[in-house]
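Asks: Encoded as structure tokens, here's the structure I'll be asking about.
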Amino acid sequence: MEKLKYERPIINKINLGIPNKFGTKPKFEPITQIDGVPVQILAEKFGSPVMVISEKKIKETYKEAKRAFTTRYPKVQFAWSYKTNYLDAVCRIFHKMGSWAEVVSGFEYDKALSNGMPGNQIIFNGPDKSLKDLEKAVINKSYIHIDHFDELYDLIEIAEKLDEKPKVAIRINMNTGIYPIWDKFGFNLENGDAWNAINKIMISGKLDLVGLHTHIGTFINTVEPYGVATTKLMDLVIRINEKFHTLIKYIDLGGGFASTNTLRGSYLQGSDTCPSFDAYAEAITNSIINSGMDIENLPMLILESGRALIDEAGSIVGSVIANKRLADGRRSMIIDVGVNILFTAFWYDHLINPGQSFSYNSEETTIYGPLCMNIDCIRPNMQFPVLKKGDLIVISKIGAYNMTQWMQFITMRPNVVLIDLQGQTHVIRQNETLETITSLELIPDYLKS
Amino acid sequence: MKIKSNLAISESGFVFDPETGDSFTLNFTGKDILNQINQGISLNDIQKNILEKYDVESDSLEMNFYDFISMLKHFNILHENE
Ligand SMILES: Cc1ncc(COP(=O)(O)O)c(C=O)c1O
């Protein structure tokens, strides 16, 4: 007799009165391929876990963002936010599409140079630029965004010493109606610091004030604050023109656009709440066009969007290590993807799908990573189908910040693979080995024997 | 092992506990096992039956089986024989 197909026995309690937030049963689809490459093959060839980047998705997203802005306003320039994902291959994809580089450290600055960026297409942000960094950026004619008065005075000195007129912008923080105000960075608008800095720059005559910059926060899922920020920057552009007869060449609205991920604990799905690029573009470009500046003197608009451009292009293929019961009866599943490589699990309820077909039944499940600490939790609570040890899972929309904020802790960082437009795979960062880690360590002689 | 006496188990795998008002859903294998417990078959024999009837290795069945039994106890559906 032919045996019946086995499925692990399950019992689920029905919670009447506390229906699912959306009144429907969560639906799962297996993700069995990424851009035509079977996830099974990815795991076999490159190991589990493996991080995967889709060039196709990067290009689609970038084109969509660019279209939204350039159809509303002619002078738009994107600058790739290196910190969001500074794997060279990723940066180069953005540069090839026309993005400049936006960097916040000497390390990122050098990376941009090594990716072939000319100095005058690098925007240098951040509070921590050494004197050497600043000199290099001045000589390369990069755009230096001044963060604080100490830096302003340093730059004036460097300008005198090198006999150069550095191209600068100031970073401005302001109240745009959202909380918290990121006032750690730049000069505050409302208390007069920003205007004060502008006056110092103009009166010194040593620096070429070409831009105004703000970055109001990250994962901002309403567009109004961008409208407010743009209006406030444009008011300054006009005021500078009136007082100093100087035209500001660009305003830089920073990044901060949300991606379609769902914030942890949020009731609504990110894909339902995330504003479109069109909505952000409408708020920003309307505020420029409706400002009092004459049309022919309107500044270029720079955008440093990071997360929104790369999140959806990244995935992790991982596998199930074990299933367990927690003391309170909930099921827990341990996977080989921990918070050490998936840092964003602290912020997002990441999308996780089985990597192969599975039975219809699901259980309330806590999904843990492999690290020996309780905080290594990828999803505290989600309905998930019952998978077996060794089954594959795919975590989607992980392209932003994980490949830069990951840490080498307990396990080593995995391969990162790019799938190109032809569906070919390329390792763009090799997995670490014991040797990678120990090659940096030194053992004092007396401990050698 | 004994199933709570007044429990209603439907054809489709729906379980209702009139005492607490709790209801549960079972998948096909779960329903099969619960029905066998209901018929008074010993846990050992149920495992043998399942092994014969379904395409499954005994190791993984054993793990899943005891996990399932512990969930039945957790939900107060199953009690130790007094
Ligand atoms: C100055 C600056 N620009 C751009 C970004 C990119 O932000 P996001 O990824 O939210 O678009 C950041 C990130 O914090 C930033 O600090």
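Ordered as shown in the structure tokens, chains take letters A, B, and onward, while each chain numbers its residues from 1 and ligands are numbered from 1 in the order shown.
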Go through the chains and note each residue within 10 Å of ligand 1, using only C-alpha atoms and all ligand atoms, then give the set as a PyMOL selection string.
Replies: chain A and resi 79-85+102-104+123-127+145+171+182+185-186+213-220+252-259+303-311+400-401
Asks: Please identify which residues in region 36-233 of chain A DSSP calls strand (DSSP E or B) from the backbone, and express them as a ChimeraX atom specification.
Replies: /A:37-38,50-54,76-81,100-103,122-124,143-146,167-173,187-188,208-213,220
Asks: Mind checking which residues fall within 10 Å of region 43-51 of chain B, counting only C-alpha atoms, ignoring those fewer than 5 positions away in the same chain, and posting them as number ranges by chain?
Replies: A: 3-4, 6; B: 1, 29, 32-37, 56-58, 61-62, 65-66, 69
Asks: Please compute the CA of Thr404 (chain A)-CA of Glu108 (chain A) distance, one decimal, in Å.
Replies: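 Here the two named atoms are 11.2 Å from each other.
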Asks: Give me, as a list in words, the residues of chain B touching chain A, with the criterion being at most 8 Å (counting only C-alpha atoms).
Replies: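 Close enough to count are Asp22, Ser23, Phe24, Thr25, Leu26, Asn27, Phe28, Thr29, Gly30, Lys31, Ile33, Glu52, Lys53, Tyr54, Asp55, Val56, Leu61, Asn64, Phe65, Asp67, Phe68, Met71, Leu72 and His74 of chain B.
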Asks: Restrict the selected residues to N, CA and C atoms and save them as a short mmCIF file (atom, residue, chain, number, x, y, z; two decimals), in the first residue's frame.
Replies:
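Result file is selection-v7.cif:
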```cif
data_model
loop_
_atom_site.label_atom_id
_atom_site.label_comp_id
_atom_site.auth_asym_id
_atom_site.auth_seq_id
_atom_site.Cartn_x
_atom_site.Cartn_y
_atom_site.Cartn_z
N ASP B 22 -12.91 26.97 24.73
CA ASP B 22 -11.77 27.01 23.81
C ASP B 22 -12.03 26.17 22.57
N SER B 23 -11.54 26.64 21.45
CA SER B 23 -11.59 25.77 20.27
C SER B 23 -10.22 25.71 19.62
N PHE B 24 -10.04 24.63 18.89
CA PHE B 24 -8.72 24.34 18.32
C PHE B 24 -8.88 23.80 16.91
N THR B 25 -7.82 23.92 16.13
CA THR B 25 -7.83 23.24 14.84
C THR B 25 -6.69 22.24 14.81
N LEU B 26 -6.95 21.12 14.15
CA LEU B 26 -5.94 20.08 13.99
C LEU B 26 -5.66 19.92 12.51
N ASN B 27 -4.43 19.57 12.17
CA ASN B 27 -4.23 19.17 10.79
C ASN B 27 -4.56 17.68 10.67
N PHE B 28 -4.39 17.14 9.47
CA PHE B 28 -4.85 15.78 9.21
C PHE B 28 -4.18 14.76 10.14
N THR B 29 -2.86 14.86 10.26
CA THR B 29 -2.13 13.91 11.11
C THR B 29 -2.53 14.08 12.57
N GLY B 30 -2.69 15.34 12.98
CA GLY B 30 -3.07 15.62 14.36
C GLY B 30 -4.42 14.99 14.69
N LYS B 31 -5.34 15.13 13.72
CA LYS B 31 -6.69 14.58 13.95
C LYS B 31 -6.62 13.05 14.05
N ILE B 33 -4.15 11.19 15.08
CA ILE B 33 -3.59 10.79 16.37
C ILE B 33 -4.62 10.97 17.49
N GLU B 52 3.41 3.04 9.95
CA GLU B 52 2.97 2.16 8.87
C GLU B 52 2.19 2.91 7.80
N LYS B 53 1.39 3.85 8.28
CA LYS B 53 0.45 4.49 7.39
C LYS B 53 1.07 5.65 6.60
N TYR B 54 2.05 6.35 7.21
CA TYR B 54 2.58 7.57 6.59
C TYR B 54 4.03 7.38 6.19
N ASP B 55 4.41 8.21 5.25
CA ASP B 55 5.77 8.19 4.75
C ASP B 55 6.65 9.07 5.66
N VAL B 56 7.17 8.45 6.73
CA VAL B 56 7.94 9.23 7.71
C VAL B 56 8.97 8.34 8.40
N LEU B 61 9.37 11.18 13.46
CA LEU B 61 8.02 11.01 14.01
C LEU B 61 8.06 11.10 15.53
N ASN B 64 8.25 14.68 16.67
CA ASN B 64 7.01 15.42 16.42
C ASN B 64 5.87 14.89 17.30
N PHE B 65 5.89 13.59 17.51
CA PHE B 65 4.80 12.96 18.25
C PHE B 65 4.78 13.47 19.69
N ASP B 67 6.16 16.09 20.87
CA ASP B 67 5.88 17.52 20.87
C ASP B 67 4.37 17.75 20.80
N PHE B 68 3.71 16.97 19.94
CA PHE B 68 2.26 17.10 19.78
C PHE B 68 1.55 16.72 21.09
N MET B 71 1.75 19.39 23.54
CA MET B 71 0.81 20.48 23.26
C MET B 71 -0.61 20.12 23.69
N LEU B 72 -0.98 18.85 23.50
CA LEU B 72 -2.33 18.43 23.94
C LEU B 72 -2.46 18.59 25.45
N HIS B 74 -0.64 20.67 27.24
CA HIS B 74 -0.58 22.11 27.50
C HIS B 74 -1.97 22.75 27.36
#
```
Asks: Of the candidates A:Thr436, A:Ser357, A:Asn381, A:Thr365, which one gets nearest to Phe28 (chain A) if we count only C-alpha atoms?
Replies: A:Ser357
Asks: I'd like the interatomic distance between CA of Lys206 (chain A) and CA of Ala169 (chain A), to a tenth of an Å.
Replies: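 Separation of CA of Lys206 (chain A) and CA of Ala169 (chain A): 13.2 Å.
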Asks: Just the number, please: distance in Å from CA of Gln405 (chain A) to CA of Asn120 (chain A), one decimal.
Replies: 27.4 Å
Asks: Enumerate as an NGL selection string all residues of region 154-363 of chain A assigned to alpha helix (DSSP H) by DSSP on the backbone, naming them with the chain letters and numbers the document uses.
Replies: :A and (154-162 or 193-204 or 224-244 or 270-273 or 277-289 or 307-310)
Asks: Rank nothing, just name the residue among B:Leu78, B:Ile41, B:Ser70, B:Ala8 nearest to Gly21 (chain B), using only C-alpha atoms.
Replies: B:Ala8
